[in-house]
Structures are given as structure tokens and as C-alpha cells.
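Participant: What follows is entry_24.txt, made up of compact mmCIF, C-alpha atoms:
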```txt
# COMPACT_ATOMS: atom_id res chain seq x y z
CA MET O 15 0.00 0.00 0.00
CA ASN O 16 1.25 3.42 -0.80
CA SER O 17 2.06 5.40 2.30
CA ALA O 18 1.20 8.74 0.74
CA SER O 19 -2.47 8.26 1.26
CA PRO O 20 -4.83 11.05 2.20
CA SER O 21 -5.50 10.19 5.80
CA GLY O 22 -9.01 9.53 6.97
CA SER O 23 -11.62 11.92 5.81
CA PRO O 24 -11.02 14.27 2.88
CA PRO O 25 -10.15 17.89 3.61
CA LYS O 26 -13.33 19.76 4.26
CA ARG O 27 -14.41 22.63 2.13
CA SER O 28 -14.49 24.99 5.08
CA ALA O 29 -10.78 24.34 5.57
CA LEU O 30 -10.12 25.26 1.97
CA LEU O 31 -12.16 28.42 2.25
CA GLY O 32 -9.56 29.94 4.53
CA THR O 33 -7.02 30.05 1.76
CA PRO O 34 -7.16 33.16 -0.39
CA THR O 35 -8.71 32.16 -3.67
CA ASN O 36 -10.24 35.42 -4.77
CA VAL O 37 -9.01 36.75 -8.06
CA SER O 38 -9.66 40.35 -8.93
CA GLU O 39 -12.28 40.79 -11.59
CA PRO O 40 -10.13 42.60 -14.13
CA ALA O 41 -7.52 39.86 -13.81
CA TYR O 42 -10.17 37.29 -14.47
CA GLU O 43 -11.52 39.20 -17.45
CA TYR O 44 -8.02 39.43 -18.81
CA LEU O 45 -7.65 35.69 -18.43
CA LEU O 46 -10.93 35.06 -20.18
CA SER O 47 -10.08 37.29 -23.10
CA SER O 48 -6.65 35.76 -23.47
CA ILE O 49 -8.20 32.32 -23.48
CA LEU O 50 -10.48 33.59 -26.19
CA THR O 51 -7.59 34.89 -28.25
CA TRP O 52 -5.69 31.69 -27.79
CA VAL O 53 -8.66 29.58 -28.80
CA GLU O 54 -9.18 31.68 -31.89
CA ASN O 55 -5.56 31.41 -32.91
CA GLU O 56 -5.67 27.71 -32.32
CA CYS O 57 -8.75 27.33 -34.49
CA HIS O 58 -7.14 29.43 -37.18
CA ARG O 59 -4.03 27.32 -37.13
CA GLN O 60 -6.00 24.10 -37.27
CA TYR O 61 -7.99 25.37 -40.16
CA GLN O 62 -4.88 26.37 -42.04
CA GLN O 63 -3.36 22.96 -41.49
CA LEU O 64 -6.49 21.33 -42.78
CA LYS O 65 -6.48 23.58 -45.80
CA ASN O 66 -2.84 22.95 -46.55
CA LYS O 67 -3.44 19.25 -46.45
CA LYS O 68 -6.37 19.63 -48.79
CA ASN O 69 -4.37 21.83 -51.13
CA LEU O 70 -1.57 19.32 -51.19
CA GLN O 71 -3.96 16.60 -52.22
CA GLU O 72 -5.56 18.80 -54.82
CA ASN O 73 -2.19 19.76 -56.23
CA LYS O 74 -1.27 16.14 -56.56
CA GLU O 75 -4.46 15.48 -58.44
CA ASN O 76 -3.96 18.54 -60.57
CA GLU O 77 -0.49 17.41 -61.56
CA LYS O 78 -2.04 14.38 -63.08
CA HIS O 79 -4.46 16.42 -65.13
CA THR O 80 -2.39 19.49 -65.97
CA ASP O 81 -2.79 19.06 -69.65
CA VAL O 82 -6.54 18.83 -69.41
CA LYS O 83 -7.03 21.95 -67.33
CA ASP O 84 -7.43 25.24 -69.10
CA GLN O 85 -5.57 27.89 -67.11
CA SER O 86 -6.53 31.08 -68.91
CA LYS O 87 -10.27 30.68 -68.61
CA GLY O 88 -12.13 32.10 -65.64
CA ALA O 89 -9.27 33.82 -63.84
CA SER O 90 -11.49 36.66 -62.67
CA LYS O 91 -14.12 34.20 -61.53
CA GLN O 92 -11.52 32.52 -59.38
CA ASP O 93 -10.76 35.83 -57.70
CA GLU O 94 -14.38 36.33 -56.81
CA SER O 95 -14.73 32.90 -55.38
CA MET O 96 -11.52 33.42 -53.46
CA THR O 97 -12.91 36.38 -51.55
CA GLN O 98 -16.10 34.51 -50.85
CA GLU O 99 -14.13 31.56 -49.69
CA LYS O 100 -12.12 33.79 -47.44
CA ALA O 101 -15.26 35.15 -45.80
CA GLU O 102 -16.65 31.68 -45.33
CA GLU O 103 -13.38 30.63 -43.85
CA LEU O 104 -13.48 33.37 -41.25
CA VAL O 105 -17.04 32.54 -40.28
CA MET O 106 -16.10 28.93 -39.90
CA ILE O 107 -13.11 29.73 -37.73
CA ALA O 108 -15.21 32.01 -35.55
CA GLU O 109 -17.83 29.34 -35.14
CA ASN O 110 -15.25 26.75 -34.25
CA ALA O 111 -13.78 29.07 -31.67
CA ALA O 112 -17.19 29.78 -30.16
CA ALA O 113 -17.95 26.09 -29.98
CA LYS O 114 -14.65 25.50 -28.26
CA MET O 115 -15.30 28.22 -25.70
CA GLU O 116 -18.72 26.80 -25.11
CA ARG O 117 -17.28 23.35 -24.50
CA MET O 118 -14.79 24.74 -22.03
CA GLY O 119 -17.65 26.41 -20.24
CA TYR O 120 -19.55 23.14 -20.26
CA ASP O 121 -16.70 21.35 -18.53
CA VAL O 122 -16.39 24.03 -15.88
CA GLY O 123 -20.12 24.22 -15.30
CA TYR O 124 -20.43 20.47 -15.04
CA ARG O 125 -17.72 20.20 -12.43
CA LEU O 126 -18.83 23.24 -10.51
CA SER O 127 -22.42 22.13 -10.20
CA GLU O 128 -21.22 18.85 -8.74
CA ARG O 129 -19.66 20.84 -5.93
CA LEU O 130 -22.46 23.33 -5.49
CA ALA O 131 -25.11 20.64 -5.40
CA GLN O 132 -23.24 18.73 -2.74
CA ASN O 133 -25.47 19.81 0.10
CA LYS O 134 -28.44 20.80 -1.98
CA PRO O 135 -30.92 17.98 -2.21
CA MET O 136 -32.95 18.14 -5.38
CA SER O 137 -36.42 16.74 -5.53
CA SER O 138 -35.50 13.80 -7.66
CA ASN O 139 -38.77 12.11 -8.37
CA THR O 140 -40.95 12.94 -5.47
CA SER O 141 -41.65 16.02 -3.48
CA GLY O 142 -44.30 16.64 -0.91
CA GLY O 143 -45.82 13.21 -1.27
CA LYS O 144 -46.76 13.48 -4.92
CA LYS O 145 -44.78 12.88 -8.01
CA ALA O 146 -42.88 15.84 -9.37
CA THR O 147 -43.47 16.53 -13.01
CA PRO O 148 -40.48 17.04 -15.28
CA ALA O 149 -41.38 20.70 -15.49
CA MET O 150 -41.09 21.04 -11.72
CA ILE O 151 -37.70 19.37 -11.72
CA GLN O 152 -36.53 21.63 -14.50
CA LEU O 153 -37.76 24.72 -12.74
CA GLU O 154 -35.99 23.71 -9.57
CA ALA O 155 -32.77 23.13 -11.45
CA VAL O 156 -32.98 26.46 -13.24
CA LYS O 157 -33.72 28.20 -9.95
CA PHE O 158 -30.63 26.55 -8.58
CA ILE O 159 -28.67 28.06 -11.47
CA CYS O 160 -30.18 31.48 -10.87
CA LYS O 161 -29.45 31.53 -7.17
CA GLU O 162 -26.67 29.29 -5.92
CA PHE O 163 -24.75 28.89 -9.13
CA TRP O 164 -24.95 32.50 -10.21
CA SER O 165 -24.05 33.90 -6.83
CA GLU O 166 -21.09 31.56 -6.62
CA VAL O 167 -19.76 32.55 -10.02
CA PHE O 168 -20.82 36.20 -10.29
CA ARG O 169 -21.55 37.09 -6.67
CA LYS O 170 -25.05 38.15 -7.57
CA GLN O 171 -28.25 36.44 -8.54
CA VAL O 172 -29.90 36.51 -11.90
CA ASP O 173 -32.11 39.56 -12.15
CA LYS O 174 -35.03 38.06 -13.94
CA LEU O 175 -36.21 34.57 -14.70
CA GLN O 176 -38.92 34.01 -17.23
CA THR O 177 -40.38 30.73 -18.33
CA ASN O 178 -43.23 29.48 -20.44
CA HIS O 179 -43.46 26.31 -18.29
CA ARG O 180 -42.86 24.28 -21.40
CA GLY O 181 -39.15 23.93 -21.30
CA VAL O 182 -38.03 27.41 -22.26
CA PHE O 183 -36.36 29.63 -19.69
CA VAL O 184 -34.94 33.08 -20.11
CA LEU O 185 -32.44 34.36 -17.57
CA LYS O 186 -31.83 38.08 -17.69
CA ASP O 187 -28.83 39.60 -16.06
CA LEU O 188 -28.81 43.36 -16.34
CA GLN O 189 -25.35 43.75 -14.84
CA PHE O 190 -23.35 40.86 -16.16
CA GLN O 191 -20.01 40.86 -14.34
CA TRP O 192 -17.80 39.89 -17.22
CA LEU O 193 -19.09 42.60 -19.53
CA LYS O 194 -19.20 45.45 -17.06
CA ARG O 195 -15.90 46.93 -18.11
CA LEU O 196 -16.52 46.94 -21.84
CA PRO O 197 -16.83 50.37 -23.44
CA ALA O 198 -20.24 51.32 -24.73
CA ASP O 199 -20.91 52.15 -28.34
CA VAL O 200 -17.86 50.48 -29.76
CA GLU O 201 -18.41 47.91 -32.44
CA MET O 202 -15.37 45.89 -31.42
CA ALA O 203 -16.61 45.63 -27.86
CA ARG O 204 -19.90 44.28 -29.08
CA ILE O 205 -18.19 41.58 -31.11
CA MET O 206 -15.96 40.74 -28.18
CA ALA O 207 -18.91 40.52 -25.82
CA ILE O 208 -20.70 38.06 -28.02
CA LYS O 209 -17.60 35.92 -28.18
CA ILE O 210 -17.16 36.03 -24.42
CA LEU O 211 -20.78 35.07 -23.83
CA ALA O 212 -20.20 31.65 -25.37
CA PHE O 213 -18.42 30.69 -22.18
CA PRO O 214 -21.24 31.38 -19.70
CA CYS O 215 -23.65 29.69 -22.12
CA GLY O 216 -21.54 26.59 -21.75
CA LEU O 217 -21.45 27.05 -18.00
CA ILE O 218 -25.22 26.93 -17.82
CA ARG O 219 -25.48 24.00 -20.16
CA GLY O 220 -22.88 22.03 -18.23
CA ALA O 221 -24.42 22.73 -14.87
CA LEU O 222 -27.88 21.71 -16.05
CA SER O 223 -26.59 18.63 -17.77
CA ASN O 224 -25.04 17.44 -14.54
CA LEU O 225 -28.41 17.85 -12.91
CA GLY O 226 -29.85 15.57 -15.58
CA ILE O 227 -31.34 18.11 -17.94
CA ASN O 228 -30.12 18.35 -21.50
CA THR O 229 -30.48 21.82 -22.88
CA VAL O 230 -29.51 24.17 -25.64
CA VAL O 231 -28.37 27.55 -24.37
CA SER O 232 -28.03 30.62 -26.47
CA CYS O 233 -27.44 34.18 -25.45
CA ASP O 234 -28.85 37.52 -26.46
CA PHE O 235 -27.22 40.81 -26.03
CA LEU O 236 -29.45 43.53 -24.68
CA ALA O 237 -27.05 46.43 -25.13
CA ASP O 238 -28.86 49.73 -25.38
CA GLY O 239 -25.90 51.92 -26.16
CA LYS O 240 -25.17 52.97 -22.60
CA ASN O 241 -25.07 49.73 -20.73
CA MET O 242 -23.01 46.98 -22.29
CA SER O 243 -23.48 44.49 -19.53
CA ALA O 244 -27.11 43.49 -19.96
CA CYS O 245 -27.63 40.13 -21.54
CA SER O 246 -30.05 37.28 -21.49
CA PHE O 247 -29.61 33.54 -21.72
CA ASN O 248 -32.21 31.45 -23.41
CA ILE O 249 -32.40 27.91 -22.18
CA LYS O 250 -34.30 25.40 -24.22
CA VAL O 251 -34.76 21.97 -22.74
CA LYS O 252 -34.21 19.19 -25.20
CA SER O 253 -36.97 16.63 -25.11
CA THR O 254 -35.73 13.51 -23.46
CA THR O 255 -36.50 10.84 -25.98
CA MET L 2 -19.71 -6.82 10.55
CA SER L 3 -17.20 -5.35 8.18
CA LEU L 4 -17.95 -3.63 4.95
CA SER L 5 -17.25 -5.95 2.07
CA THR L 6 -18.21 -4.16 -1.14
CA PHE L 7 -18.28 -0.58 -2.22
CA ALA L 8 -19.64 0.69 -5.54
CA VAL L 9 -20.07 4.05 -7.20
CA ILE L 10 -22.70 4.00 -9.92
CA GLY L 11 -23.06 6.80 -12.44
CA LYS L 12 -26.06 8.69 -13.74
CA ASP L 13 -26.90 6.14 -16.40
CA ASN L 14 -26.25 3.23 -14.05
CA SER L 15 -22.81 2.56 -15.42
CA PRO L 16 -20.30 1.30 -12.89
CA LEU L 17 -17.81 4.04 -12.08
CA TYR L 18 -15.99 2.42 -9.26
CA LEU L 19 -16.20 -1.03 -7.74
CA LYS L 20 -14.16 -2.24 -4.84
CA GLU L 21 -14.13 -5.33 -2.73
CA PHE L 22 -12.81 -5.71 0.75
CA PRO L 23 -12.31 -9.39 1.30
CA LYS L 24 -12.00 -10.73 4.81
CA GLU L 25 -8.50 -10.89 6.24
CA SER L 26 -8.33 -14.65 5.99
CA GLU L 27 -9.12 -14.44 2.29
CA VAL L 28 -6.69 -11.59 1.75
CA SER L 29 -3.75 -13.40 3.24
CA LYS L 30 -4.44 -16.41 1.05
CA THR L 31 -4.52 -14.48 -2.17
CA GLU L 32 -1.66 -12.20 -1.25
CA THR L 33 0.75 -14.99 -0.46
CA SER L 34 0.00 -16.66 -3.73
CA GLN L 35 0.54 -13.38 -5.54
CA ASP L 36 3.81 -12.77 -3.77
CA THR L 37 5.33 -16.00 -4.97
CA THR L 38 4.45 -15.33 -8.57
CA ASP L 39 5.71 -11.78 -8.30
CA ASN L 40 9.02 -12.90 -6.91
CA GLN L 41 9.56 -15.32 -9.72
CA SER L 42 9.04 -12.82 -12.48
CA ASP L 43 10.60 -9.91 -10.66
CA PRO L 44 12.92 -11.11 -7.90
CA PHE L 45 14.57 -7.76 -7.23
CA GLY L 46 11.43 -5.70 -7.49
CA PHE L 47 12.75 -3.70 -10.44
CA PHE L 48 9.45 -3.59 -12.16
CA GLU L 49 7.09 -1.98 -9.83
CA VAL L 50 3.92 -3.96 -9.84
CA LYS L 51 1.26 -1.33 -9.87
CA ASN L 52 -1.83 -2.03 -7.89
CA GLU L 53 -4.51 -2.11 -10.44
CA ILE L 54 -6.95 0.58 -9.54
CA ASN L 55 -10.60 -0.19 -9.96
CA LYS L 56 -10.28 -3.60 -11.47
CA THR L 57 -13.39 -5.65 -11.83
CA MET L 58 -15.35 -7.22 -9.08
CA SER L 59 -16.35 -10.80 -8.52
CA LEU L 60 -19.53 -11.84 -10.27
CA LYS L 61 -21.32 -12.50 -7.02
CA ASN L 62 -20.80 -8.97 -5.80
CA LYS L 63 -21.75 -7.57 -9.17
CA PHE L 64 -25.07 -9.36 -8.93
CA LEU L 65 -25.44 -7.93 -5.47
CA ILE L 66 -24.99 -4.42 -6.78
CA HIS L 67 -27.39 -5.11 -9.63
CA SER L 68 -30.14 -6.19 -7.31
CA ALA L 69 -29.42 -3.26 -5.06
CA LEU L 70 -29.79 -0.98 -8.04
CA ASP L 71 -33.15 -2.51 -8.90
CA ARG L 72 -34.31 -2.06 -5.36
CA PHE L 73 -33.07 1.50 -5.40
CA GLU L 74 -35.18 2.29 -8.42
CA GLU L 75 -38.20 0.73 -6.78
CA ILE L 76 -37.74 2.81 -3.69
CA GLU L 77 -37.28 5.92 -5.73
CA GLU L 78 -40.45 5.30 -7.73
CA SER L 79 -42.56 4.88 -4.68
CA THR L 80 -43.23 7.67 -2.28
CA GLU L 81 -42.64 5.63 0.81
CA LYS L 82 -39.22 7.06 1.57
CA GLN L 83 -39.72 10.67 2.35
CA GLN L 84 -36.60 12.25 3.65
CA SER L 85 -35.92 15.90 3.90
CA GLY L 86 -32.95 18.17 4.32
CA ALA L 87 -29.49 16.72 4.36
CA ASN L 88 -30.88 13.25 4.85
CA LYS L 89 -32.44 13.22 1.45
CA MET L 90 -29.36 11.78 -0.16
CA TRP L 91 -29.19 9.01 2.37
CA ILE L 92 -31.35 6.15 1.21
CA GLY L 93 -30.44 3.77 3.94
CA LEU L 94 -31.00 0.06 3.91
CA LEU L 95 -31.89 -1.14 0.46
CA GLY L 96 -32.44 -4.67 1.60
CA SER L 97 -30.77 -7.94 2.30
CA PHE L 98 -29.53 -10.01 -0.55
CA ASP L 99 -27.59 -13.25 -0.14
CA GLU L 100 -26.77 -12.67 3.51
CA LYS L 101 -25.55 -9.17 2.79
CA LYS L 102 -27.13 -5.91 3.73
CA VAL L 103 -26.83 -3.18 1.14
CA TYR L 104 -26.97 0.49 2.03
CA GLY L 105 -27.36 3.27 -0.48
CA TYR L 106 -26.77 6.97 -0.95
CA VAL L 107 -27.58 9.13 -3.94
CA THR L 108 -26.22 12.57 -4.68
CA SER L 109 -28.32 15.33 -6.17
CA THR L 110 -26.50 14.73 -9.44
CA ARG L 111 -27.70 11.13 -9.52
CA ILE L 112 -24.47 9.44 -8.60
CA LYS L 113 -25.20 6.42 -6.46
CA PHE L 114 -23.04 4.92 -3.75
CA PHE L 115 -23.68 1.42 -2.48
CA ALA L 116 -22.02 -0.44 0.34
CA SER L 117 -22.68 -3.97 1.41
CA MET L 118 -21.96 -5.76 4.65
CA ASP L 119 -22.78 -9.04 6.33
CA ASP L 120 -26.32 -9.41 7.48
CA VAL L 121 -26.14 -9.93 11.21
CA GLU L 122 -28.75 -9.15 13.80
CA ASP L 123 -27.17 -7.14 16.57
CA GLY L 124 -29.88 -4.93 17.92
CA ASN L 125 -28.90 -1.42 18.85
CA GLU L 126 -25.51 -1.68 17.30
CA GLN L 127 -27.21 -1.16 13.97
CA PHE L 128 -28.06 2.47 14.62
CA VAL L 129 -24.53 3.34 15.60
CA ARG L 130 -23.30 1.64 12.48
CA GLU L 131 -25.77 3.45 10.27
CA ALA L 132 -24.69 6.78 11.65
CA ALA L 133 -21.09 5.91 10.90
CA LEU L 134 -22.08 4.76 7.45
CA LYS L 135 -23.78 8.07 6.78
CA ALA L 136 -20.58 9.87 7.65
CA LEU L 137 -18.66 7.47 5.44
CA PHE L 138 -20.92 8.15 2.47
CA ALA L 139 -20.64 11.89 2.99
CA ASN L 140 -16.86 11.59 2.98
CA VAL L 141 -16.94 9.48 -0.16
CA HIS L 142 -19.13 12.13 -1.72
CA GLU L 143 -16.50 14.72 -0.90
CA PHE L 144 -13.85 12.55 -2.50
CA TYR L 145 -15.99 12.09 -5.56
CA ILE L 146 -16.44 15.84 -5.88
CA GLN L 147 -12.73 16.39 -5.54
CA HIS L 148 -12.22 13.85 -8.27
CA MET L 149 -14.74 15.62 -10.47
CA LEU L 150 -13.18 19.01 -9.85
CA ASN L 151 -9.92 17.73 -11.22
CA PRO L 152 -9.73 19.30 -14.68
CA PHE L 153 -8.21 16.14 -16.10
CA SER L 154 -11.06 13.87 -15.12
CA ASP L 155 -13.46 13.03 -17.87
CA VAL L 156 -16.90 14.57 -17.70
CA ARG L 157 -18.26 13.87 -21.13
CA ASN L 158 -18.63 10.15 -20.87
CA GLU L 159 -18.87 8.28 -17.65
CA LYS L 160 -15.76 6.23 -17.36
CA LYS L 161 -14.38 4.13 -14.60
CA ILE L 162 -12.58 6.16 -12.02
CA VAL L 163 -8.88 5.38 -12.14
CA SER L 164 -7.73 8.19 -9.88
CA GLU L 165 -5.21 6.93 -7.37
CA ARG L 166 -6.16 9.62 -4.93
CA PHE L 167 -9.80 8.60 -5.03
CA ASP L 168 -8.90 4.97 -4.65
CA LEU L 169 -6.62 5.55 -1.69
CA GLY L 170 -9.11 7.86 -0.05
CA ILE L 171 -11.88 5.31 -0.25
CA HIS L 172 -9.58 2.56 0.84
CA ASP L 173 -8.58 4.48 3.96
CA LEU L 174 -12.13 5.48 4.79
CA ILE L 175 -13.37 1.95 4.61
CA LYS L 176 -10.38 0.57 6.40
CA SER L 177 -11.01 2.83 9.35
CA PHE L 178 -14.70 1.98 9.22
CA ASN L 179 -13.90 -1.71 9.33
CA GLU L 180 -11.46 -1.22 12.17
CA ASN L 181 -14.22 0.35 14.21
CA PHE L 182 -16.97 -2.03 13.32
CA GLY L 183 -15.28 -5.13 11.98
CA LYS L 184 -14.09 -6.25 15.39
CA GLN L 185 -17.56 -7.07 16.47
CA ASP L 186 -17.69 -10.19 14.33
CA ASN L 187 -15.02 -11.78 16.41
CA MET L 188 -16.45 -10.56 19.66
CA SER L 189 -19.95 -11.76 19.00
CA TRP L 190 -19.33 -15.33 20.12
CA MET L 191 -18.00 -14.24 23.49
```
Is it possible to express this structure as C-alpha cells?
Facilitator:
Amino acid sequence: MNSASPSGSPPKRSALLGTPTNVSEPAYEYLLSSILTWVENECHRQYQQLKNKKNLQENKENEKHTDVKDQSKGASKQDESMTQEKAEELVMIAENAAAKMERMGYDVGYRLSERLAQNKPMSSNTSGGKKATPAMIQLEAVKFICKEFWSEVFRKQVDKLQTNHRGVFVLKDLQFQWLKRLPADVEMARIMAIKILAFPCGLIRGALSNLGINTVVSCDFLADGKNMSACSFNIKVKSTT
Amino acid sequence: MSLSTFAVIGKDNSPLYLKEFPKESEVSKTETSQDTTDNQSDPFGFFEVKNEINKTMSLKNKFLIHSALDRFEEIEESTEKQQSGANKMWIGLLGSFDEKKVYGYVTSTRIKFFASMDDVEDGNEQFVREAALKALFANVHEFYIQHMLNPFSDVRNEKKIVSERFDLGIHDLIKSFNENFGKQDNMSWM
């Protein structure tokens, strides 16, 4: 048996709370945006690699058929398609990057909700003597996100929760922490904000998925020119079939 | 009355972690036989024989966990067990199968913990043991969370837990549990 075993009971959370773990908000925002930049560069690089590979293959094929191909025809057409291709390329890279950020958020949310739900009993199947409907379970889980989860991550609760009781929830946060420091009325900031919001979308999706609810989360940006930090998250529960 | 089996079952009832704690008499038998084979292949101990973490369980104990899982689902369907507060995760005695008592615990994220022990009638001792078992499950829960919070653990698909830290933690917890409660088997005839 290995002697380096954690003795007895695991270290309690209260013991860990004593250690300074608070990171200043700007530092965190810097981290988030550098992750974003890194992810984007990574996606760009991957895409280029893929393209190079493809080009290499195409070139090989072209070498075989050089005599058949007519070079002079349609040179201007090629230019046009090139620019279009370029635009498509950028969109694809951006989407890949967003998906990656979302997945990172998913991982974090999934793990975090495991911890936050440690002492929070959920009404699994029954509550108050009668069977809980799926809608009730969903509502409880989303409330958990709005209160415990949000206050743990953002030190505030969600401002507004709306639902149609049919599996769609809208969480509105009028003072979203991570966007508070963005300048108003700058186009770049708006683009940046949308990119950053992929991460909290993933957070929500991950946290809910650990509580047994599969969802699709998208975000809307409620910027009104003065306040950049208002946003809403739309949660759509996937039917469990 | 020592704890003989411990299992962690995932959300979709996949086995995440299975561990057996054979009685000391059985352990010594198997260990001596292992030692001889080890010495033959590796007389100087150059090649560290790694304890296989989370290897499979005997069929008998697997069946035990299966029936416990069925019983767990039955209990959950019915409304008979109404617990509230922190006790909600504690399911308690799931039943006796094959001379073993199985106790259960479910987290709010639908991870299930099962522990089995010999089925012996010993009156009041049972309540003390159940209280200790509750504490044990809570500690295992903490270990599980720490395992989950590790950024290198897999969250996307439920895989067997191969974390050494988790394994050692559980091993120690159950060892200390058995030291406190296992003695009573031997004392009972006195």
C-alpha cells in the first residue's frame, strides 16, 4: 500500500475556504479574453493545417491532369470565389472558436455544479408526497442556477427569470459581471462581448446537464448603447426521448 | 460486521468504481500466492507492480450491486421514503440479498453509492453503524467531488474512475470503518 495516502476523511471545504482564492475581476476578465484569443488562434491554425493538407492533395491530383485543365479561362471568376471563400473561412473559424469556448464552459459548469449541489438535495422524483413533473424538476434546477450557481460565479443572482413552463427559460442579467468593463458604443466591444458570452452559455449548459437536464443555451445581447453588460440567456430543454 | 463491497454508480447506471474488501483470511491467502508469482518474475522488485486501480469485481458482488440498483429504483419510484434536508441523499437500507445488507446513498447529481456488509442481527448496534455509514458516504461524496473538480477527469462520458487519490481515499475510509466495526464479528461469540 502506498504510504502517501490522504489520511481519513477528505479535507473539508471549510478548511479550503480559509485560503485566499479570490481573483480580482479585471484579472479574471483578462484571463478570459486571453483564453479567447488563444482559442481563436488555435482554431485558425487548425484550419490552415487542414487547408494545406487539402491543397496538397488537390495539387497532386492537378499534376495528373495538368494538360486537361485550361488555365486562362475564368481567372477573374476565381478571384471572386476566393474572396467569398475567405469570408466563409473566417465565419467557420469564428464558429469553431465559439464552440470551443462553449465546450470549455460546459466542462467548468459540469464540475462546478457537482460541488455546489453537494449539500443541496434536489427533488429527484418525489416532493411533498406526490410525483414531481419534469417541469417542476426543470424549474428547480434552473432556480438553482439562478441563485446558488450564479451567486457563486458572479456574486449576484440573476435579475429576472422568465419561463413558459414548457421547457423554455430566459435568464436576464442586467449587470453581467464579465461585460461590465466593456466600453459602450464600440463595435469591437460588441463583437468581443458576443464571443465572451459563449463561455457562460456553456457554464449553464454544463451545470444543467449534470443535474440531468439536456439543454440548448443561447445568449442575447441587450445592449442599449449605454449599458453593455445586460444580456439574457435562453435555455431550451431538449426533449428527453 | 465489516464492509465488504463498495460501488459508485453513475447517472446512467454505469459502474464508475467497484471495490471489494475481502476478509482478512481471504486476503492473506490471495496475497501470499501473488507474492510467490511476483518474486519469480521480478525477484529484485525492479518492475514496480502497480496495484490495479478499480479492477473488476467478482460476479457475485456484481449481482449484489445489480439487485441493489433494482431495489433502489423501486424505492425511488414509490413515495414511501420521504426524507428531507441533508438526509435526502441518504437512502439507507436497500435490503438484504444473499446474507448481505446493502446500504445506499444518492447525490443530487444522480451518482449512487452502495455499500454492502454481512447481514447480522445485533440490535442497537445497527443504529450506531448506520450513523457511521452516513458519515462514510458523505466523505466518499467529498472525494468524488474532488475527483470531479480535477480538470483532467473526464466529464463527457462516464468512465471508470482510475484516480489513485480517489482509490486511496476510499480505501482508507473503509479501512477505518472496518477497524471500528469489523471487530464485532469476532467478539460476538464471546
Participant: Output as a PyMOL selection string the set of chain L residues within 10 Å of chain O, with distances taken over all atoms listed in the file.
Facilitator: chain L and resi 12-13+52+77-90+107-112+136-137+139-152+154-157+165-178
Participant: For Ala111 in chain O, which residue among O:Asn241, O:Gln98, O:Asn36, O:Gln60 is the nearest when counting all atoms listed in the file?
Facilitator: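 Checking each candidate against Ala111 in chain O, we get O:Gln60 as the closest.
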Participant: Can you work out the spacing between CA of Leu17 in chain L and CA of Ser117 in chain L in Å, to one decimal?
Facilitator: 16.4 Å
Participant: Point out the residue among O:Val182, O:Ala113, O:Cys233, O:Ala198 with the least atom-to-atom distance to Leu50 in chain O, counting all atoms listed in the file.
Facilitator: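 The shortest atom-to-atom distance to Leu50 in chain O comes from O:Ala113.
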Participant: Work out how far CA of Trp52 in chain O is from CA of Glu99 in chain O, in Å to one decimal.
Facilitator: 23.5 Å
Participant: Enter the distance from CA of Val129 in chain L to CA of Gly93 in chain L, in Å, rounded to one decimal.
Facilitator: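 It comes out at 13.1 Å.
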Participant: Excluding same-chain residues fewer than 6 positions from range 65-81 of chain O, what lies within 12 Å of it counting all atoms listed in the file, as a PyMOL selection string?
Facilitator: chain O and resi 58-59+99-100+103
Participant: What's the 10 Å shell around Phe182 in chain L, counting all atoms listed in the file, without same-chain residues fewer than 6 positions away, as a PyMOL selection string?
Facilitator: chain L and resi 2-4+126+129-130+133+176
Participant: Suppose we keep C-alpha atoms; can you now write the selection as a PDB file, in the frame of the given file?
Facilitator:
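Writing done, so here's selection15.pdb:
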```
ATOM      1  CA  MET L   2     -19.710  -6.820  10.550  1.00  0.00           C
ATOM      2  CA  SER L   3     -17.200  -5.350   8.180  1.00  0.00           C
ATOM      3  CA  LEU L   4     -17.950  -3.630   4.950  1.00  0.00           C
ATOM      4  CA  GLU L 126     -25.510  -1.680  17.300  1.00  0.00           C
ATOM      5  CA  VAL L 129     -24.530   3.340  15.600  1.00  0.00           C
ATOM      6  CA  ARG L 130     -23.300   1.640  12.480  1.00  0.00           C
ATOM      7  CA  ALA L 133     -21.090   5.910  10.900  1.00  0.00           C
ATOM      8  CA  LYS L 176     -10.380   0.570   6.400  1.00  0.00           C
TER       9      LYS L 176
END
```
Participant: Show me, as a VMD selection string, the residues that have an atom within 10 Å of range 160-170 of chain O when counting all atoms listed in the file, minus same-chain residues fewer than 4 positions from it.
Facilitator: chain O and resid 39 123 126 to 127 130 to 131 134 154 to 156 174 to 175 185 to 187 189 to 192 214 217 to 218 221
Participant: Give the centre and edge lengths of an axis-aligned box, in Å to one decimal, that holds all listed atoms of range 9-26 of chain L with 8 Å on each side, as JSON.
Facilitator:
```
{"center_x": -17.6, "center_y": -3.0, "center_z": -5.1, "size_x": 34.6, "size_y": 39.3, "size_z": 38.6}
```
Participant: Env of Lys113 in chain L: 6 Å cut, atoms = all atoms listed in the file, seq-sep filter 5 positions within chain, self excluded. Answer as a PyMOL selection string.
Facilitator: chain L and resi 9-10+106-107
